[in-house]
Amino acid sequence: MEGSKEKIILNIGGVRYETYSSTLRTFPGTKLCSLTEPHAPSIYDYDPTTKEFFFDRSAEIFSYVLNYYRTKHFHCPIDTCRSVLEEELAFWEINETQLASCCWLKLNNKEVQPEEFNIWDENEQPDDQCLIVQTERRDFSWRTRWQPKIWSMFEKPFSSFSAKCLAFASLLFIIGIVIIFCEETKAQFEFFTANFTSVGYSEVSHNNHETYYHQAAYLLHLELFCVLWFTFEFSVRFCFCPDKKLFFQNPLNVVDFLSLFPVYIELFVAGQIQRMPSLGLWLGFVRIVYLLKLLKISKLIETPLILRVLLYTLKSILREICILLMILAFETLFFGSLFFYGELLGSHPSYTGELHFTDILVCFWWALITLTTVGYGDIIPLTTVGQVTAALAAVFGMLNVIIPIPIFLVKFKSYYNIAIFKQKLKRSKKH
């Protein structure tokens with residue numbers, strides 16, 4: 001049996017198969033590969049008269065197993081029981097993760113299109129290391145030699161000890177600037193509530209102004225210190241990024257870029273803020289982007305599989321979500337208009353002053369809050385027509401919430417099963 005052209009005869013459940021020994025050696029470490037070894041006749045049920053190995057197993061499934069050795073693509077019959085297939089594969093020492101994606105979907109009765117099976121590969125982020133290797137082939141400068149190390153240190157927190165220290169320092173700066181933002185908002189609220197009335201700006205003592213601006217200047221210097229670190233970090237990451245286009249396609253990098261502007265703008269227009277206090281409020285509003293930097297904490301932990309599946313599911317039903325939003329918009333306009341005219345036409349002339357709305361836009365607000373089952377209670381129907389309209393709006397709002405849930409669950413379950421299978425396949429390839 002040493003020659004590659006030597007044939008081996010197999011008797012599987014009474015069905016005779018004949019193949020080359022080289023075919024059985026396609027996958028070393030399996031039972032069929034061991035039949036090509038010299039001592040195989042003494043281990044297995046071998047008939048020297050007919051020169052065939054006998055195995056009392058399923059001939060139908062074995063035909064697909066043998067075809068797997070020939071083509072390196074494993075398929076199975078549609079009507080095969082999963083347990084039986086797993087038992088046969090275990091006997092022939094073949095990993096079930098080698099099953100082709102089309103047969104895996106049929107075997108698990110998943111209502112998923114074959115092209116959707118590859119969504120995991122299509123949505124995976126490109127490997128930065130591959131991009132760096134491609135760059136190294138074109139360039140041999142000092143930047144190319146240091147780029148993988150610096151990029152990994154700033155972008156991959158667990159790549160080295162220095163990367164961990166850098167990530168920890170960045171996390172402290174993020175937490176620090178969020179605390180500074182909270183203190184700034186507290187100081188702004190106290191100042192504006194004390195010095196502004198519904199009529200406009202009121203006269204206040206000079207000491208109150210000095211206290212507020214002194215505190216604001218102190219917080220601004222602390223904020224500037226944090227932003228200088230963010231500027232340094234962002235500049236290094238941008239300079240050593242393997243692909244500038246992909247760099248700005250990452251939402252977290254866009255947040256990092258936008259978070260650099262508020263403090264620099266305030267330093268540039270510092271003199272105008274004292275003359276126009278409302279400008280400080282607008283800059284405070286822009287500083288909300290600091291809170292988005294907390295999302296970078298996700299880099300310090302591995303994104304759970306279930307969260308990634310949730311994101312892919314939302315992408316796959318984006319069309320259905322748009323349709324539901326269109327239906328919600330139509331219902332908002334319809335029930336808002338019905339409520340507006342129902343309250344006006346059905347109310348007694350003496351009740352007109354007690355109506356809780358002033359125009360139809362307020363009724364649209366009421367309809368949206370009712371349809372989303374929130375119901376603040378700031379606007380209530382006073383007439384029979386208005387109460388019937390409110391009841392119908394509440395019922396349709398419940399249907400809007402309940403009907404999409406099964407669609408979402410079916411998609412989510414399908415993608416979750418695919419993700420689990422992909423992970424098993426990846427582990428088997430590593431081993």
# chains A, B, ... in the order shown; residues from 1 in each chain; ligands from 1
>>> residues_around(residues="Cys239 in chain A", least_positions_apart="5", cutoff="12 Å", atoms="only C-alpha atoms", output="PyMOL selection string")
chain A and resi 143-144+146-148+150-151+154+232-234+244+247
>>> select_by_dssp(residues="range 225-308 of chain A", states="helix (DSSP H, G or I)", output="PyMOL selection string")
chain A and resi 225-239+244-249+251-258+261-268+270-275+277-286+289-300+305-308
>>> residues_around(residues="Ala100 in chain A", least_positions_apart="2", cutoff="8 Å", atoms="only C-alpha atoms", output="PDB file with all heavy atoms, in the first residue's frame")
ATOM      1  N   HIS A  73     -14.448  19.088  -0.136  1.00  0.00           N
ATOM      2  CA  HIS A  73     -15.675  19.825   0.190  1.00  0.00           C
ATOM      3  C   HIS A  73     -16.691  18.819   0.707  1.00  0.00           C
ATOM      4  O   HIS A  73     -17.084  17.892  -0.025  1.00  0.00           O
ATOM      5  CB  HIS A  73     -16.235  20.548  -1.037  1.00  0.00           C
ATOM      6  CG  HIS A  73     -15.322  21.609  -1.579  1.00  0.00           C
ATOM      7  ND1 HIS A  73     -15.153  22.829  -0.963  1.00  0.00           N
ATOM      8  CD2 HIS A  73     -14.512  21.607  -2.666  1.00  0.00           C
ATOM      9  CE1 HIS A  73     -14.290  23.554  -1.659  1.00  0.00           C
ATOM     10  NE2 HIS A  73     -13.875  22.833  -2.690  1.00  0.00           N
ATOM     11  N   PHE A  74     -17.093  19.001   1.953  1.00  0.00           N
ATOM     12  CA  PHE A  74     -17.963  18.016   2.582  1.00  0.00           C
ATOM     13  C   PHE A  74     -19.423  18.451   2.512  1.00  0.00           C
ATOM     14  O   PHE A  74     -19.799  19.495   3.041  1.00  0.00           O
ATOM     15  CB  PHE A  74     -17.546  17.806   4.045  1.00  0.00           C
ATOM     16  CG  PHE A  74     -18.345  16.729   4.725  1.00  0.00           C
ATOM     17  CD1 PHE A  74     -18.540  15.511   4.115  1.00  0.00           C
ATOM     18  CD2 PHE A  74     -18.909  16.947   5.973  1.00  0.00           C
ATOM     19  CE1 PHE A  74     -19.274  14.516   4.730  1.00  0.00           C
ATOM     20  CE2 PHE A  74     -19.637  15.961   6.595  1.00  0.00           C
ATOM     21  CZ  PHE A  74     -19.821  14.736   5.972  1.00  0.00           C
ATOM     22  N   HIS A  75     -20.245  17.633   1.848  1.00  0.00           N
ATOM     23  CA  HIS A  75     -21.687  17.848   1.774  1.00  0.00           C
ATOM     24  C   HIS A  75     -22.392  16.620   2.348  1.00  0.00           C
ATOM     25  O   HIS A  75     -21.776  15.569   2.540  1.00  0.00           O
ATOM     26  CB  HIS A  75     -22.134  18.083   0.327  1.00  0.00           C
ATOM     27  CG  HIS A  75     -21.523  19.303  -0.283  1.00  0.00           C
ATOM     28  ND1 HIS A  75     -22.106  20.552  -0.226  1.00  0.00           N
ATOM     29  CD2 HIS A  75     -20.353  19.471  -0.963  1.00  0.00           C
ATOM     30  CE1 HIS A  75     -21.343  21.429  -0.843  1.00  0.00           C
ATOM     31  NE2 HIS A  75     -20.265  20.802  -1.300  1.00  0.00           N
ATOM     32  N   GLN A  98     -16.345  20.898   9.273  1.00  0.00           N
ATOM     33  CA  GLN A  98     -15.938  20.861   7.872  1.00  0.00           C
ATOM     34  C   GLN A  98     -17.126  20.833   6.931  1.00  0.00           C
ATOM     35  O   GLN A  98     -16.956  20.921   5.713  1.00  0.00           O
ATOM     36  CB  GLN A  98     -15.053  19.631   7.619  1.00  0.00           C
ATOM     37  CG  GLN A  98     -13.820  19.554   8.503  1.00  0.00           C
ATOM     38  CD  GLN A  98     -12.935  20.773   8.352  1.00  0.00           C
ATOM     39  OE1 GLN A  98     -12.760  21.300   7.259  1.00  0.00           O
ATOM     40  NE2 GLN A  98     -12.385  21.243   9.455  1.00  0.00           N
ATOM     41  N   CYS A 102     -23.808  25.560   2.839  1.00  0.00           N
ATOM     42  CA  CYS A 102     -25.150  25.312   2.290  1.00  0.00           C
ATOM     43  C   CYS A 102     -25.818  24.132   2.977  1.00  0.00           C
ATOM     44  O   CYS A 102     -27.012  24.180   3.305  1.00  0.00           O
ATOM     45  CB  CYS A 102     -25.044  25.069   0.784  1.00  0.00           C
ATOM     46  SG  CYS A 102     -23.919  23.736   0.328  1.00  0.00           S
ATOM     47  N   CYS A 103     -25.055  23.061   3.216  1.00  0.00           N
ATOM     48  CA  CYS A 103     -25.616  21.886   3.897  1.00  0.00           C
ATOM     49  C   CYS A 103     -25.824  22.147   5.380  1.00  0.00           C
ATOM     50  O   CYS A 103     -26.745  21.585   5.992  1.00  0.00           O
ATOM     51  CB  CYS A 103     -24.694  20.681   3.701  1.00  0.00           C
ATOM     52  SG  CYS A 103     -24.599  20.116   1.998  1.00  0.00           S
ATOM     53  N   TRP A 104     -24.990  22.988   5.967  1.00  0.00           N
ATOM     54  CA  TRP A 104     -25.173  23.307   7.386  1.00  0.00           C
ATOM     55  C   TRP A 104     -26.498  24.023   7.603  1.00  0.00           C
ATOM     56  O   TRP A 104     -27.222  23.742   8.559  1.00  0.00           O
ATOM     57  CB  TRP A 104     -24.021  24.178   7.878  1.00  0.00           C
ATOM     58  CG  TRP A 104     -24.102  24.486   9.338  1.00  0.00           C
ATOM     59  CD1 TRP A 104     -23.579  23.758  10.375  1.00  0.00           C
ATOM     60  CD2 TRP A 104     -24.738  25.621   9.939  1.00  0.00           C
ATOM     61  NE1 TRP A 104     -23.865  24.352  11.560  1.00  0.00           N
ATOM     62  CE2 TRP A 104     -24.568  25.495  11.337  1.00  0.00           C
ATOM     63  CE3 TRP A 104     -25.437  26.714   9.434  1.00  0.00           C
ATOM     64  CZ2 TRP A 104     -25.078  26.438  12.222  1.00  0.00           C
ATOM     65  CZ3 TRP A 104     -25.936  27.650  10.314  1.00  0.00           C
ATOM     66  CH2 TRP A 104     -25.763  27.510  11.693  1.00  0.00           C
TER      67      TRP A 104
END
>>> residues_around(residues="Ile61 in chain A", least_positions_apart="6", cutoff="9 Å", atoms="only C-alpha atoms", output="PyMOL selection string")
chain A and resi 76-77+80+85+88-89
>>> residues_around(residues="range 250-258 of chain A", least_positions_apart="2", cutoff="12 Å", atoms="only C-alpha atoms", output="tab-separated table (two decimals) with C-alpha atoms, in the first residue's frame")
chain	number	residue	atom	x	y	z
A	125	GLN	CA	-12.73	44.66	10.17
A	126	PRO	CA	-9.65	44.29	7.97
A	155	GLU	CA	-4.56	50.86	18.93
A	170	SER	CA	-5.83	57.32	28.16
A	174	ILE	CA	-11.15	60.29	29.48
A	227	VAL	CA	-7.19	67.81	25.34
A	229	TRP	CA	-3.03	64.57	25.57
A	230	PHE	CA	-5.91	63.66	23.23
A	231	THR	CA	-4.30	65.79	20.50
A	232	PHE	CA	-1.00	63.98	20.90
A	233	GLU	CA	-2.68	60.57	20.95
A	234	PHE	CA	-4.84	61.31	17.90
A	235	SER	CA	-1.92	62.74	15.92
A	237	ARG	CA	-2.51	57.26	15.67
A	238	PHE	CA	-3.33	59.16	12.50
A	241	CYS	CA	-2.31	54.44	10.67
A	243	ASP	CA	-4.98	53.18	5.98
A	244	LYS	CA	-6.13	56.81	6.43
A	245	LYS	CA	-9.46	56.20	4.70
A	246	LEU	CA	-10.41	53.32	7.00
A	247	PHE	CA	-9.18	55.35	9.95
A	248	PHE	CA	-11.88	58.00	9.50
A	260	LEU	CA	-10.39	68.41	20.04
A	261	PHE	CA	-12.30	71.52	18.92
A	262	PRO	CA	-14.40	72.83	21.88
A	263	VAL	CA	-11.54	73.88	24.14
A	264	TYR	CA	-9.52	75.44	21.30
A	265	ILE	CA	-12.57	77.37	20.13
A	286	VAL	CA	-20.69	70.90	21.86
A	287	ARG	CA	-18.72	69.38	24.76
A	288	ILE	CA	-21.27	66.55	24.92
A	289	VAL	CA	-18.93	64.81	22.48
A	290	TYR	CA	-16.66	64.16	25.49
A	291	LEU	CA	-19.20	61.67	26.79
A	292	LEU	CA	-18.96	59.70	23.55
A	293	LYS	CA	-15.27	59.11	24.26
A	294	LEU	CA	-16.40	56.72	27.00
A	295	LEU	CA	-17.24	54.30	24.18
A	296	LYS	CA	-13.50	53.73	23.79
A	297	ILE	CA	-13.69	51.61	26.92
A	298	SER	CA	-15.06	48.91	24.61
A	299	LYS	CA	-11.51	48.53	23.25
>>> residues_around(residues="Ile360 in chain A", least_positions_apart="5", cutoff="9 Å", atoms="only C-alpha atoms", output="list of chain:residue names")
A:Gly336, A:Ser337, A:Phe339, A:Phe340, A:Tyr341, A:Trp365
>>> closest_residue(among="A:Val395, A:Lys149, A:Thr313, A:Glu184", to="Phe240 in chain A", atoms="only C-alpha atoms")
A:Lys149
>>> atom_distance(atom1="CA of Ile180 in chain A", atom2="CA of Leu220 in chain A")
8.6 Å
>>> residues_around(residues="Gly386 in chain A", least_positions_apart="4", cutoff="10 Å", atoms="only C-alpha atoms", output="VMD selection string")
chain A and resid 335 338 to 347 380 to 382 390 to 392
>>> write_last_selection(atoms="C-alpha atoms", output="mmCIF file, in the first residue's frame")
data_model
loop_
_atom_site.group_PDB
_atom_site.id
_atom_site.type_symbol
_atom_site.label_atom_id
_atom_site.label_comp_id
_atom_site.auth_asym_id
_atom_site.auth_seq_id
_atom_site.Cartn_x
_atom_site.Cartn_y
_atom_site.Cartn_z
ATOM 1 C CA PHE A 335 -54.078 60.551 14.974
ATOM 2 C CA LEU A 338 -57.967 63.470 14.324
ATOM 3 C CA PHE A 339 -57.351 64.410 17.944
ATOM 4 C CA PHE A 340 -57.054 68.117 17.121
ATOM 5 C CA TYR A 341 -60.342 68.402 15.224
ATOM 6 C CA GLY A 342 -62.103 65.886 17.448
ATOM 7 C CA GLU A 343 -61.376 67.967 20.534
ATOM 8 C CA LEU A 344 -62.368 71.230 18.856
ATOM 9 C CA LEU A 345 -65.581 69.957 17.239
ATOM 10 C CA GLY A 346 -66.705 67.802 20.141
ATOM 11 C CA SER A 347 -65.981 70.241 22.971
ATOM 12 C CA ILE A 380 -55.363 64.577 27.902
ATOM 13 C CA PRO A 381 -58.582 64.230 25.871
ATOM 14 C CA LEU A 382 -61.644 66.008 27.281
ATOM 15 C CA ALA A 390 -56.591 58.259 22.217
ATOM 16 C CA ALA A 391 -57.705 54.647 22.746
ATOM 17 C CA LEU A 392 -57.153 53.792 19.069
#
